[in-house]
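Novice: TSV, C-alpha atoms, saved as work.tsv, coming up:
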chain	number	residue	atom	x	y	z
A	1	MET	CA	25.67	-97.79	-145.85
A	2	PRO	CA	25.29	-101.13	-143.99
A	3	ILE	CA	27.32	-102.35	-141.05
A	4	ILE	CA	29.26	-105.54	-141.74
A	5	ILE	CA	29.72	-108.09	-138.96
A	6	ASN	CA	31.55	-111.38	-139.28
A	7	GLY	CA	33.46	-113.76	-137.04
A	8	GLY	CA	33.54	-117.23	-135.56
A	9	SER	CA	35.02	-119.52	-132.91
A	10	ARG	CA	38.81	-119.64	-132.95
A	11	ARG	CA	41.71	-121.23	-131.09
A	12	ALA	CA	44.98	-119.78	-132.48
A	13	GLY	CA	45.42	-117.21	-129.72
A	14	THR	CA	49.09	-116.54	-130.45
A	15	TRP	CA	48.39	-115.77	-134.10
A	16	TRP	CA	45.38	-113.59	-133.28
A	17	ALA	CA	47.38	-111.67	-130.68
A	18	LYS	CA	49.91	-110.73	-133.36
A	19	HIS	CA	47.17	-109.90	-135.86
A	20	LEU	CA	45.17	-107.70	-133.50
A	21	THR	CA	48.23	-105.75	-132.36
A	22	ASN	CA	49.77	-105.36	-135.82
A	23	ALA	CA	50.65	-101.67	-136.08
A	24	GLU	CA	52.17	-102.06	-139.57
A	25	LYS	CA	48.90	-102.84	-141.33
A	26	ASN	CA	46.86	-100.38	-139.26
A	27	GLU	CA	47.41	-96.69	-138.76
A	28	ARG	CA	46.16	-96.98	-135.17
A	29	VAL	CA	45.75	-99.92	-132.78
A	30	GLU	CA	44.12	-99.35	-129.41
A	31	ILE	CA	42.74	-101.59	-126.67
A	32	ALA	CA	39.29	-100.10	-126.11
A	33	GLU	CA	38.17	-102.41	-123.30
A	34	ILE	CA	39.13	-105.42	-121.19
A	35	CYS	CA	36.28	-106.83	-119.11
A	36	GLY	CA	36.21	-109.86	-116.80
A	37	LEU	CA	39.93	-110.57	-117.22
A	38	VAL	CA	42.99	-109.84	-115.09
A	39	ALA	CA	45.17	-109.43	-118.19
A	40	GLU	CA	46.27	-105.99	-119.36
A	41	THR	CA	47.61	-106.97	-122.79
A	42	VAL	CA	46.08	-108.79	-125.72
A	43	ALA	CA	48.58	-111.66	-125.52
A	44	ASP	CA	47.93	-112.15	-121.79
A	45	ALA	CA	44.17	-112.02	-122.40
A	46	PHE	CA	44.40	-114.93	-124.84
A	47	THR	CA	46.59	-116.84	-122.37
A	48	GLU	CA	44.05	-116.29	-119.62
A	49	MET	CA	41.15	-117.39	-121.84
A	50	LYS	CA	43.04	-120.54	-122.79
A	51	ALA	CA	43.61	-121.28	-119.11
A	52	LEU	CA	39.87	-120.96	-118.48
A	53	ALA	CA	39.32	-123.74	-121.04
A	54	ALA	CA	41.96	-126.05	-119.58
A	55	GLY	CA	39.38	-128.12	-117.70
A	56	THR	CA	37.18	-128.66	-120.76
A	57	LYS	CA	37.50	-130.46	-124.08
A	58	CYS	CA	36.89	-127.24	-126.03
A	59	GLU	CA	39.53	-126.46	-128.66
A	60	ASN	CA	38.02	-123.26	-130.10
A	61	TYR	CA	38.01	-121.57	-126.72
A	62	PHE	CA	37.25	-117.99	-127.82
A	63	TYR	CA	34.86	-116.25	-130.21
A	64	GLN	CA	36.21	-113.43	-132.38
A	65	ALA	CA	33.95	-110.98	-134.22
A	66	ASN	CA	34.49	-107.65	-135.92
A	67	ILE	CA	32.06	-104.79	-136.46
A	68	ASN	CA	32.78	-102.72	-139.58
A	69	PRO	CA	30.81	-99.55	-140.27
A	70	HIS	CA	31.28	-97.91	-143.67
A	71	ALA	CA	34.13	-95.45	-144.14
A	72	ASP	CA	31.83	-92.42	-143.97
A	73	GLU	CA	30.06	-93.65	-140.81
A	74	HIS	CA	31.61	-92.82	-137.45
A	75	LEU	CA	30.11	-94.24	-134.26
A	76	THR	CA	30.43	-92.47	-130.93
A	77	PRO	CA	32.03	-94.30	-127.98
A	78	GLU	CA	28.54	-94.85	-126.54
A	79	GLN	CA	27.31	-96.29	-129.84
A	80	TRP	CA	30.33	-98.61	-130.03
A	81	THR	CA	29.55	-99.92	-126.54
A	82	GLU	CA	25.92	-100.45	-127.47
A	83	ALA	CA	26.91	-102.24	-130.70
A	84	VAL	CA	29.23	-104.63	-128.83
A	85	ASP	CA	26.64	-105.29	-126.10
A	86	THR	CA	23.93	-105.98	-128.71
A	87	LEU	CA	26.09	-108.47	-130.58
A	88	GLU	CA	27.14	-110.11	-127.32
A	89	ARG	CA	23.51	-110.56	-126.27
A	90	ASN	CA	22.45	-111.96	-129.64
A	91	LEU	CA	25.33	-114.46	-129.64
A	92	GLY	CA	24.40	-115.71	-126.16
A	93	LEU	CA	27.70	-114.52	-124.69
A	94	THR	CA	26.32	-112.04	-122.15
A	95	GLY	CA	28.60	-111.66	-119.14
A	96	GLN	CA	31.49	-113.61	-120.68
A	97	PRO	CA	35.04	-112.25	-120.26
A	98	ARG	CA	35.91	-110.11	-123.28
A	99	PHE	CA	38.25	-107.51	-124.69
A	100	VAL	CA	37.86	-105.04	-127.55
A	101	VAL	CA	40.56	-103.78	-129.94
A	102	GLU	CA	39.97	-100.80	-132.22
A	103	HIS	CA	41.75	-100.51	-135.59
A	104	GLU	CA	41.92	-97.50	-137.85
A	105	LYS	CA	43.10	-97.93	-141.43
A	106	GLU	CA	42.83	-95.39	-144.24
A	107	GLY	CA	40.40	-93.34	-142.19
A	108	ARG	CA	38.05	-96.27	-141.52
A	109	THR	CA	37.50	-97.51	-137.98
A	110	HIS	CA	36.40	-101.01	-137.00
A	111	ARG	CA	36.52	-103.01	-133.80
A	112	HIS	CA	37.43	-106.61	-132.96
A	113	ILE	CA	35.71	-108.24	-130.00
A	114	VAL	CA	37.02	-111.43	-128.41
A	115	TRP	CA	34.93	-113.38	-125.87
A	116	SER	CA	35.78	-116.45	-123.86
A	117	ARG	CA	33.39	-119.25	-124.84
A	118	ILE	CA	33.81	-121.16	-121.59
A	119	ASP	CA	30.97	-121.17	-119.07
A	120	ILE	CA	33.01	-121.30	-115.85
A	121	GLU	CA	30.22	-122.73	-113.67
A	122	GLN	CA	29.17	-125.42	-116.14
A	123	GLN	CA	32.72	-126.03	-117.37
A	124	LYS	CA	31.60	-126.31	-120.98
A	125	ALA	CA	31.66	-124.22	-124.12
A	126	ILE	CA	28.78	-121.97	-125.12
A	127	PRO	CA	27.27	-123.12	-128.47
A	128	ASP	CA	28.42	-121.30	-131.60
A	129	SER	CA	26.07	-122.61	-134.30
A	130	LEU	CA	24.22	-120.47	-136.88
A	131	THR	CA	26.20	-117.36	-135.98
A	132	ALA	CA	26.34	-116.04	-139.56
A	133	LYS	CA	22.61	-115.40	-139.44
A	134	ILE	CA	22.99	-113.73	-136.04
A	135	HIS	CA	25.66	-111.42	-137.45
A	136	GLU	CA	23.36	-110.41	-140.29
A	137	GLN	CA	20.36	-109.81	-138.01
A	138	THR	CA	22.49	-107.76	-135.62
A	139	SER	CA	23.71	-105.60	-138.50
A	140	ARG	CA	20.12	-104.78	-139.49
A	141	GLU	CA	19.25	-104.07	-135.83
A	142	LEU	CA	22.15	-101.66	-135.36
A	143	GLU	CA	21.39	-99.87	-138.64
A	144	VAL	CA	17.87	-99.13	-137.38
A	145	THR	CA	19.10	-98.12	-133.91
A	146	PHE	CA	21.77	-95.74	-135.25
A	147	ASP	CA	19.63	-94.49	-138.17
A	148	LEU	CA	22.05	-95.77	-140.82
A	149	GLU	CA	21.28	-96.83	-144.37
A	150	PRO	CA	19.94	-100.41	-144.19
A	151	GLY	CA	21.74	-103.22	-145.92
A	152	LYS	CA	20.37	-106.30	-147.68
A	153	SER	CA	19.96	-109.55	-145.78
A	154	VAL	CA	21.15	-112.61	-147.67
A	155	LEU	CA	20.28	-115.37	-145.20
A	156	VAL	CA	16.51	-114.94	-145.42
A	157	ARG	CA	13.90	-116.85	-147.39
A	158	ASP	CA	12.01	-113.90	-148.83
A	159	ARG	CA	14.92	-112.07	-150.47
A	160	LYS	CA	14.15	-110.68	-153.91
A	161	PHE	CA	17.60	-111.10	-155.42
A	162	GLU	CA	20.01	-113.91	-156.17
A	163	ARG	CA	22.40	-114.79	-153.41
A	164	PRO	CA	25.84	-113.40	-154.35
A	165	GLU	CA	28.78	-115.71	-154.92
A	166	ARG	CA	30.33	-116.76	-151.65
A	167	GLY	CA	33.62	-114.97	-151.08
A	168	PRO	CA	36.76	-116.54	-149.61
A	169	GLU	CA	36.67	-117.42	-145.94
A	170	LYS	CA	38.50	-115.01	-143.65
A	171	TRP	CA	40.87	-117.74	-142.52
A	172	ALA	CA	41.67	-118.47	-146.17
A	173	MET	CA	42.56	-114.81	-146.72
A	174	PHE	CA	44.86	-114.80	-143.69
A	175	ARG	CA	46.38	-118.14	-144.67
A	176	GLY	CA	47.06	-116.94	-148.23
A	177	GLU	CA	49.03	-113.97	-146.93
A	178	ARG	CA	51.80	-116.31	-145.79
A	179	HIS	CA	52.68	-117.16	-149.39
A	180	GLY	CA	51.35	-114.06	-151.11
A	181	LEU	CA	48.44	-116.02	-152.63
A	182	ASP	CA	45.07	-114.29	-152.79
A	183	PRO	CA	42.17	-116.81	-152.62
A	184	ARG	CA	40.18	-114.50	-154.90
A	185	ALA	CA	42.87	-114.72	-157.57
A	186	ILE	CA	42.96	-118.52	-157.12
A	187	THR	CA	39.18	-118.63	-157.56
A	188	ALA	CA	39.38	-116.63	-160.77
A	189	GLU	CA	42.21	-118.76	-162.16
A	190	LEU	CA	40.65	-122.14	-161.32
A	191	THR	CA	37.28	-120.99	-162.66
A	192	GLU	CA	38.90	-119.99	-165.95
A	193	LEU	CA	40.73	-123.31	-166.23
A	194	TRP	CA	37.58	-125.26	-165.33
A	195	ASN	CA	35.49	-123.50	-167.97
A	196	GLY	CA	38.21	-124.06	-170.59
A	197	ALA	CA	38.58	-127.81	-169.99
A	198	ASP	CA	36.38	-130.42	-171.65
A	199	THR	CA	37.48	-133.37	-169.52
A	200	GLY	CA	38.86	-134.04	-166.09
A	201	HIS	CA	42.24	-134.97	-167.57
A	202	GLU	CA	42.43	-131.62	-169.37
A	203	PHE	CA	41.59	-129.74	-166.16
A	204	LYS	CA	44.18	-131.71	-164.18
A	205	ALA	CA	46.88	-131.01	-166.77
A	206	ALA	CA	45.94	-127.32	-166.94
A	207	ILE	CA	46.16	-126.71	-163.18
A	208	GLU	CA	49.39	-128.70	-162.84
A	209	GLU	CA	50.93	-126.48	-165.51
A	210	ARG	CA	50.11	-123.51	-163.23
A	211	GLY	CA	51.72	-125.17	-160.19
A	212	TYR	CA	48.62	-126.61	-158.49
A	213	ILE	CA	48.14	-130.27	-157.56
A	214	LEU	CA	44.78	-132.06	-157.83
A	215	ALA	CA	44.34	-134.39	-154.86
A	216	ARG	CA	41.70	-136.54	-153.20
A	217	GLY	CA	40.30	-134.94	-150.09
A	218	ASP	CA	39.78	-136.46	-146.67
A	219	ARG	CA	36.17	-135.23	-146.46
A	220	ARG	CA	35.60	-134.15	-150.08
A	221	ASP	CA	36.04	-136.02	-153.35
A	222	PHE	CA	38.53	-133.59	-154.89
A	223	VAL	CA	40.61	-130.72	-153.57
A	224	VAL	CA	43.39	-128.54	-154.96
A	225	VAL	CA	46.69	-127.83	-153.20
A	226	ASP	CA	48.11	-124.46	-154.22
A	227	GLN	CA	51.74	-123.42	-154.73
A	228	GLY	CA	52.08	-122.59	-151.03
A	229	GLY	CA	50.78	-125.96	-149.81
A	230	ASP	CA	47.33	-124.75	-148.76
A	231	VAL	CA	44.25	-126.88	-149.50
A	232	HIS	CA	41.17	-125.56	-151.31
A	233	SER	CA	37.78	-127.12	-151.89
A	234	LEU	CA	37.07	-127.12	-155.62
A	235	ALA	CA	33.39	-126.37	-155.03
A	236	ARG	CA	34.41	-123.18	-153.19
A	237	ARG	CA	37.08	-122.13	-155.69
A	238	ILE	CA	35.15	-122.67	-158.93
A	239	GLN	CA	32.42	-120.11	-159.37
A	240	GLY	CA	29.07	-121.49	-160.45
A	241	ALA	CA	30.04	-125.12	-159.76
A	242	LYS	CA	28.56	-127.27	-157.00
A	243	ALA	CA	29.94	-130.45	-155.48
A	244	GLN	CA	27.96	-132.65	-157.90
A	245	ASP	CA	29.17	-130.56	-160.86
A	246	ILE	CA	32.75	-131.19	-159.75
A	247	ARG	CA	32.16	-134.94	-159.47
A	248	ASP	CA	30.54	-135.07	-162.91
A	249	GLY	CA	33.28	-132.99	-164.54
A	250	LEU	CA	36.07	-135.15	-163.12
A	251	ALA	CA	34.29	-138.49	-163.67
A	252	ASP	CA	36.95	-139.59	-166.19
A	253	LEU	CA	39.69	-139.41	-163.53
A	254	ASP	CA	40.61	-142.27	-161.23
A	255	ARG	CA	40.29	-140.64	-157.83
A	256	ASP	CA	42.25	-143.38	-156.08
A	257	ALA	CA	45.21	-142.73	-158.38
A	258	LEU	CA	45.48	-139.11	-157.18
A	259	PRO	CA	47.73	-138.22	-154.25
A	260	ASP	CA	46.06	-137.58	-150.94
A	261	VAL	CA	46.40	-134.20	-149.23
A	262	ARG	CA	49.48	-135.21	-147.24
A	263	GLU	CA	51.27	-136.51	-150.32
A	264	ALA	CA	50.36	-133.42	-152.35
A	265	LYS	CA	51.70	-131.14	-149.62
A	266	ALA	CA	54.91	-133.16	-149.54
A	267	GLN	CA	55.31	-132.67	-153.28
A	268	ILE	CA	54.84	-128.92	-152.90
A	269	GLU	CA	57.35	-128.84	-150.06
A	270	LEU	CA	59.88	-130.78	-152.11
A	271	ARG	CA	59.38	-128.41	-155.00
A	272	GLU	CA	60.02	-125.39	-152.77
A	273	GLN	CA	63.11	-126.92	-151.21
A	274	VAL	CA	64.73	-128.49	-154.25
A	275	GLU	CA	64.02	-126.16	-157.16
A	276	PRO	CA	66.13	-123.24	-155.86
A	277	SER	CA	69.12	-125.60	-155.76
A	278	LEU	CA	68.31	-127.12	-159.13
A	279	ASP	CA	68.09	-123.72	-160.79
A	280	ALA	CA	71.73	-123.19	-159.92
A	281	LEU	CA	72.89	-126.50	-161.39
A	282	PRO	CA	75.16	-126.21	-164.48
A	283	CYS	CA	73.47	-127.30	-167.69
A	284	GLU	CA	76.43	-126.95	-170.06
A	285	LEU	CA	79.28	-129.44	-169.87
A	286	PRO	CA	82.91	-128.32	-169.96
A	287	ASP	CA	85.14	-129.14	-172.91
A	288	ARG	CA	86.35	-132.73	-172.45
A	289	SER	CA	88.94	-133.02	-175.16
A	290	THR	CA	91.53	-135.73	-174.47
A	291	ALA	CA	94.34	-133.21	-174.65
A	292	ASP	CA	93.44	-131.21	-171.55
A	293	ARG	CA	91.51	-133.84	-169.57
A	294	GLU	CA	92.86	-134.13	-166.01
A	295	GLU	CA	92.39	-136.77	-163.38
A	296	PRO	CA	89.99	-135.51	-160.71
A	297	SER	CA	91.58	-134.93	-157.34
A	298	ALA	CA	90.17	-136.18	-154.05
A	299	GLU	CA	89.28	-132.60	-153.08
A	300	ALA	CA	87.43	-132.09	-156.37
A	301	GLY	CA	85.50	-135.32	-155.84
A	302	ALA	CA	84.49	-134.28	-152.34
A	303	GLU	CA	83.42	-130.87	-153.62
A	304	ALA	CA	81.35	-132.48	-156.37
A	305	PHE	CA	79.54	-134.76	-153.96
A	306	GLY	CA	79.16	-132.24	-151.13
A	307	SER	CA	77.56	-133.20	-147.84
A	308	PRO	CA	74.10	-132.55	-146.42
A	309	ARG	CA	75.71	-131.64	-143.09
A	310	GLU	CA	77.94	-129.05	-144.75
A	311	ASP	CA	75.06	-127.33	-146.56
A	312	PRO	CA	75.27	-123.62	-145.62
A	313	GLY	CA	71.48	-123.32	-145.51
A	314	GLY	CA	71.14	-126.25	-143.14
A	315	ASN	CA	68.74	-127.98	-145.57
A	316	PRO	CA	69.59	-131.69	-146.09
A	317	LEU	CA	67.55	-131.85	-149.33
A	318	ARG	CA	69.76	-129.24	-150.91
A	319	GLY	CA	72.80	-131.30	-149.90
A	320	ILE	CA	71.18	-134.38	-151.45
A	321	ALA	CA	70.60	-132.41	-154.64
A	322	ARG	CA	74.31	-131.61	-154.79
A	323	ILE	CA	75.18	-135.26	-154.23
A	324	LEU	CA	72.91	-136.35	-157.07
A	325	ASP	CA	74.41	-133.64	-159.24
A	326	GLY	CA	77.86	-135.02	-158.46
A	327	VAL	CA	76.69	-138.47	-159.58
A	328	ALA	CA	75.38	-136.94	-162.80
A	329	ASN	CA	78.74	-135.23	-163.41
A	330	ILE	CA	80.59	-138.53	-162.94
A	331	ALA	CA	78.27	-140.15	-165.48
A	332	GLU	CA	78.97	-137.30	-167.88
A	333	ASN	CA	82.73	-137.77	-167.36
A	334	ALA	CA	82.35	-141.43	-168.21
A	335	LEU	CA	80.48	-140.55	-171.38
A	336	GLY	CA	83.17	-138.05	-172.23
A	337	LEU	CA	85.84	-140.71	-171.79
A	338	LEU	CA	83.98	-143.11	-174.07
A	339	ASP	CA	83.58	-140.26	-176.51
A	340	GLY	CA	87.35	-139.82	-176.59
A	341	LEU	CA	87.94	-143.55	-177.05
A	342	THR	CA	85.55	-143.70	-179.99
A	343	GLY	CA	87.00	-140.64	-181.67
A	344	GLY	CA	84.00	-138.43	-181.06
A	345	GLY	CA	81.62	-140.64	-183.04
A	346	PRO	CA	78.47	-142.37	-181.84
A	347	LEU	CA	78.71	-145.30	-179.48
A	348	PRO	CA	78.26	-148.73	-181.12
A	349	GLN	CA	74.85	-150.29	-180.64
A	350	PRO	CA	74.71	-153.64	-178.79
A	351	GLN	CA	73.82	-156.44	-181.18
A	352	PRO	CA	70.95	-158.88	-180.59
A	353	LYS	CA	72.01	-162.37	-179.47
A	354	SER	CA	70.35	-163.95	-182.47
A	355	SER	CA	72.54	-162.13	-184.96
A	356	LEU	CA	75.93	-161.64	-183.29
A	357	SER	CA	77.77	-162.86	-186.38
A	358	GLU	CA	76.21	-160.21	-188.59
A	359	PRO	CA	77.51	-156.65	-188.25
A	360	GLN	CA	74.86	-154.09	-187.51
A	361	SER	CA	74.91	-150.67	-189.14
A	362	VAL	CA	74.22	-147.75	-186.84
A	363	PRO	CA	72.70	-144.58	-188.40
A	364	VAL	CA	74.82	-141.74	-187.06
A	365	GLY	CA	72.02	-139.18	-186.93
A	366	GLU	CA	69.79	-141.22	-184.63
A	367	TYR	CA	72.02	-141.01	-181.55
A	368	PRO	CA	72.96	-137.79	-179.74
A	369	ALA	CA	76.61	-137.11	-179.11
A	370	PRO	CA	77.57	-138.23	-175.58
A	371	SER	CA	78.98	-134.79	-174.84
A	372	ALA	CA	75.71	-132.96	-175.62
A	373	PRO	CA	74.43	-130.69	-172.80
A	374	LEU	CA	71.99	-132.32	-170.42
A	375	ASP	CA	68.42	-131.13	-170.64
A	376	PRO	CA	67.78	-129.11	-167.41
A	377	ASP	CA	64.17	-130.30	-167.19
A	378	THR	CA	65.29	-133.94	-167.46
A	379	ARG	CA	67.86	-133.47	-164.72
A	380	ARG	CA	65.34	-131.69	-162.47
A	381	GLU	CA	62.76	-134.47	-162.89
A	382	ALA	CA	65.39	-137.12	-162.17
A	383	VAL	CA	66.45	-135.44	-158.94
A	384	LEU	CA	62.85	-134.92	-157.82
A	385	ARG	CA	62.07	-138.59	-158.45
A	386	ALA	CA	65.18	-139.67	-156.56
A	387	ILE	CA	64.36	-137.53	-153.53
A	388	ALA	CA	60.75	-138.69	-153.56
A	389	GLU	CA	61.96	-142.31	-153.48
A	390	MET	CA	64.30	-141.45	-150.60
A	391	GLN	CA	61.45	-139.94	-148.61
A	392	LYS	CA	59.25	-142.93	-149.35
A	393	ALA	CA	61.97	-145.28	-148.13
A	394	LEU	CA	62.43	-143.22	-144.96
A	395	ARG	CA	58.69	-143.29	-144.25
A	396	GLN	CA	58.57	-147.04	-144.79
A	397	ASP	CA	61.51	-147.47	-142.43
A	398	GLU	CA	59.81	-145.33	-139.78
A	399	ASP	CA	56.60	-147.35	-140.17
A	400	ARG	CA	58.59	-150.57	-139.80
A	401	ARG	CA	60.26	-149.33	-136.61
A	402	ASP	CA	56.90	-148.23	-135.20
A	403	ARG	CA	55.43	-151.66	-135.89
A	404	GLU	CA	58.40	-153.37	-134.25
A	405	ALA	CA	58.12	-151.08	-131.22
A	406	GLY	CA	54.41	-151.88	-130.99
A	407	ARG	CA	55.09	-155.62	-131.11
A	408	THR	CA	57.74	-155.24	-128.38
A	409	ILE	CA	55.26	-153.43	-126.14
A	410	ASP	CA	52.64	-156.13	-126.74
A	411	LEU	CA	55.15	-158.87	-125.83
A	412	GLU	CA	56.11	-157.06	-122.62
A	413	ARG	CA	52.44	-156.73	-121.70
A	414	ASP	CA	51.88	-160.44	-122.31
A	415	ARG	CA	54.86	-161.33	-120.13
A	416	ALA	CA	53.64	-159.02	-117.38
A	417	ARG	CA	50.30	-160.83	-117.36
Starting from the file, lay out its structure as structure tokens.
Specialist:
Amino acid sequence: MPIIINGGSRRAGTWWAKHLTNAEKNERVEIAEICGLVAETVADAFTEMKALAAGTKCENYFYQANINPHADEHLTPEQWTEAVDTLERNLGLTGQPRFVVEHEKEGRTHRHIVWSRIDIEQQKAIPDSLTAKIHEQTSRELEVTFDLEPGKSVLVRDRKFERPERGPEKWAMFRGERHGLDPRAITAELTELWNGADTGHEFKAAIEERGYILARGDRRDFVVVDQGGDVHSLARRIQGAKAQDIRDGLADLDRDALPDVREAKAQIELREQVEPSLDALPCELPDRSTADREEPSAEAGAEAFGSPREDPGGNPLRGIARILDGVANIAENALGLLDGLTGGGPLPQPQPKSSLSEPQSVPVGEYPAPSAPLDPDTRREAVLRAIAEMQKALRQDEDRRDREAGRTIDLERDRAR
């Protein structure tokens, strides 16, 4: 069976240190080699590599790759060393500081190799372009060297088979683990919804019903923000569709009317923060008969309104939700009072100014009783809109203060001149 090699330039050393030393997801974790570094631990190795890049403008300061033989293929220590050296040479990283971590999971062994990309003498990063093709060529080379079953090369012109559908990126798989969202499941779901929609509006409505948000991308025409707030390219998440197919299929939508990525993420964040509180809101109103109605006490009023600072979870949005709920309860009390004054019947309809002298008949069945339970979806939407307006006002106020601060700095500069 073929050897699989993949990897790329990275910069999140802290995250990778936790991932490479994770003993919960691997039956065995072992540092196989540290070369060219003073560090003795994975975390310290990343810190040292980052320090080597301090004098450069390079952000992706290390290159991470993994070599994965098949489960029934076991390389000797000498073969592992040769495999790492071969990949290092082909990537142009010969002599660079590196360390190797070996993982064993369900009887299958693979190794992660991390190199520093910084050329110390030149004080610049070693190029990392076209590495996918290098990985593939190295796999074929190692299969011949170790007498393993050869695999099929995809990144060649003379292949005699269709290129398989591109799978999710490794970073997308890791990112999805934070919220329990598998990019492969998202691909299948969005592909199904895309194939079942005849227009862009239908597709937008279908994905919003599943909790996604269609947004305009910074570098792409359209993207999708999932339930965890992560951004996906539609061309990568809809099988069989290219970028032009996406543009043609969504041609009936006004792209400028869609939220941008930042706004879509804010909506997802609001949904995550507010909905748990809204689910606990009472939907049924208490009995408000005039016989047992009591005047609300000051303590009851304070409890109804709550306070963001007193929120046990420390989340001000949840406190705001309680405040808005208190306002809704006061409105319901007022309706209940009017209900008692009118004897439980419908409220009279205001008369037009042109016919004040003529009494207007009000069909009883057309108006709901004021004491009817509030629709939970209506209340939820009202609170979400209110909080969104609050956030918008806060952002506008911050922008205003920034502009004023900028003008003050400009005036001080002019005076100094």
Novice: Would you be able to write out as a PyMOL selection string which residues have an atom within 8 Å of (28.5, -100.4, -143.5) in the file's coordinates, counting all atoms listed in the file?
Specialist: chain A and resi 1-4+68-71+73+151
Novice: Just to confirm, what's the straight-line distance from CA of Asp226 (chain A) to CA of Tyr212 (chain A) in Å (one decimal)?
Specialist: 4.8 Å
Novice: Using all atoms listed in the file, which of the listed residues (A:Thr109, A:Thr131, A:Asn195, A:Thr86) sits closest to Thr145 (chain A)?
Specialist: A:Thr86
Novice: With only C-alpha atoms as the counted atoms, please give the residues lying no more than 12 Å from Thr191 (chain A), apart from itself and same-chain residues fewer than 2 positions off, as a ChimeraX atom specification.
Specialist: /A:183-189,193-197,203,206-207,234-241,246
Novice: Those residues you just picked out, can you put them in a file as a CSV table (one decimal), keeping the file's coordinate frame with C-alpha atoms?
Specialist:
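Resulting contents of part27.csv:
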chain,number,residue,atom,x,y,z
A,183,PRO,CA,42.2,-116.8,-152.6
A,184,ARG,CA,40.2,-114.5,-154.9
A,185,ALA,CA,42.9,-114.7,-157.6
A,186,ILE,CA,43.0,-118.5,-157.1
A,187,THR,CA,39.2,-118.6,-157.6
A,188,ALA,CA,39.4,-116.6,-160.8
A,189,GLU,CA,42.2,-118.8,-162.2
A,193,LEU,CA,40.7,-123.3,-166.2
A,194,TRP,CA,37.6,-125.3,-165.3
A,195,ASN,CA,35.5,-123.5,-168.0
A,196,GLY,CA,38.2,-124.1,-170.6
A,197,ALA,CA,38.6,-127.8,-170.0
A,203,PHE,CA,41.6,-129.7,-166.2
A,206,ALA,CA,45.9,-127.3,-166.9
A,207,ILE,CA,46.2,-126.7,-163.2
A,234,LEU,CA,37.1,-127.1,-155.6
A,235,ALA,CA,33.4,-126.4,-155.0
A,236,ARG,CA,34.4,-123.2,-153.2
A,237,ARG,CA,37.1,-122.1,-155.7
A,238,ILE,CA,35.2,-122.7,-158.9
A,239,GLN,CA,32.4,-120.1,-159.4
A,240,GLY,CA,29.1,-121.5,-160.4
A,241,ALA,CA,30.0,-125.1,-159.8
A,246,ILE,CA,32.8,-131.2,-159.8
Novice: Looking at only C-alpha atoms, which of A:Thr41, A:Gln396, A:Thr199, A:Gln122 is the one that sits closest to Lys18 (chain A)?
Specialist: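 The closest residue to Lys18 (chain A) is A:Thr41.
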Novice: Go through A:Gln96, A:Thr76, A:Asn6, A:Gln64 one by one, measure the shortest atom-to-atom distance of each to His135 (chain A) using all atoms listed in the file, and give the residue with the smallest value.
Specialist: A:Asn6
Novice: Tell me, as a list in words, which residues lie within 9 Å of Asp260 (chain A), counting only C-alpha atoms; anything in the same chain fewer than 4 positions away does not count.
Specialist: Leu214, Ala215, Arg216, Gly217, Asp218, Asp256, Ala264 and Lys265 of chain A
Novice: Ranking A:His201, A:Lys57, A:His112, A:Arg10 by minimum distance to Lys124 (chain A) and counting only C-alpha atoms, which one comes first?
Specialist: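 Nearest to Lys124 (chain A): A:Lys57.
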Novice: Give the answer as one residue: which of A:Glu33, A:Glu136, A:Asp221, A:Asp230 has the shortest atom-to-atom distance to Glu269 (chain A), using only C-alpha atoms?
Specialist: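 Of the candidates, the smallest distance to Glu269 (chain A) is held by A:Asp230.
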Novice: Using only C-alpha atoms, which of A:Phe222, A:Asp119, A:Arg111, A:Gly8 sits nearest Leu258 (chain A)?
Specialist: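 Counting only C-alpha atoms, the residue closest to Leu258 (chain A) is A:Phe222.
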Novice: Please indicate the distance in Å from CA of Val38 (chain A) to CA of Thr14 (chain A), rounded to one decimal place.
Specialist: 17.8 Å
Novice: Work out how far CA of Lys392 (chain A) is from CA of Ala205 (chain A), in Å to one decimal.
Specialist: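 If I compute the distance from CA of Ala205 (chain A) to CA of Lys392 (chain A), I get 24.5 Å.
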Novice: For region 234-239 of chain A of the block above, can you save N, CA and C atoms as a PDB file, in the first residue's frame?
Specialist:
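Once everything was written out, this is selection_8.pdb:
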ATOM      1  N   LEU A 234     -17.443  28.042  -0.724  1.00  0.00           N
ATOM      2  CA  LEU A 234     -18.499  27.229  -1.328  1.00  0.00           C
ATOM      3  C   LEU A 234     -17.946  26.307  -2.402  1.00  0.00           C
ATOM      4  N   ALA A 235     -16.963  26.781  -3.159  1.00  0.00           N
ATOM      5  CA  ALA A 235     -16.400  25.952  -4.222  1.00  0.00           C
ATOM      6  C   ALA A 235     -15.711  24.714  -3.659  1.00  0.00           C
ATOM      7  N   ARG A 236     -15.224  24.790  -2.419  1.00  0.00           N
ATOM      8  CA  ARG A 236     -14.564  23.648  -1.793  1.00  0.00           C
ATOM      9  C   ARG A 236     -15.569  22.754  -1.066  1.00  0.00           C
ATOM     10  N   ARG A 237     -16.712  23.280  -0.704  1.00  0.00           N
ATOM     11  CA  ARG A 237     -17.674  22.509   0.083  1.00  0.00           C
ATOM     12  C   ARG A 237     -18.837  21.971  -0.736  1.00  0.00           C
ATOM     13  N   ILE A 238     -18.898  22.309  -2.017  1.00  0.00           N
ATOM     14  CA  ILE A 238     -19.948  21.762  -2.883  1.00  0.00           C
ATOM     15  C   ILE A 238     -19.270  20.899  -3.931  1.00  0.00           C
ATOM     16  N   GLN A 239     -19.489  19.615  -3.839  1.00  0.00           N
ATOM     17  CA  GLN A 239     -18.828  18.693  -4.758  1.00  0.00           C
ATOM     18  C   GLN A 239     -19.338  18.897  -6.182  1.00  0.00           C
TER      19      GLN A 239
END
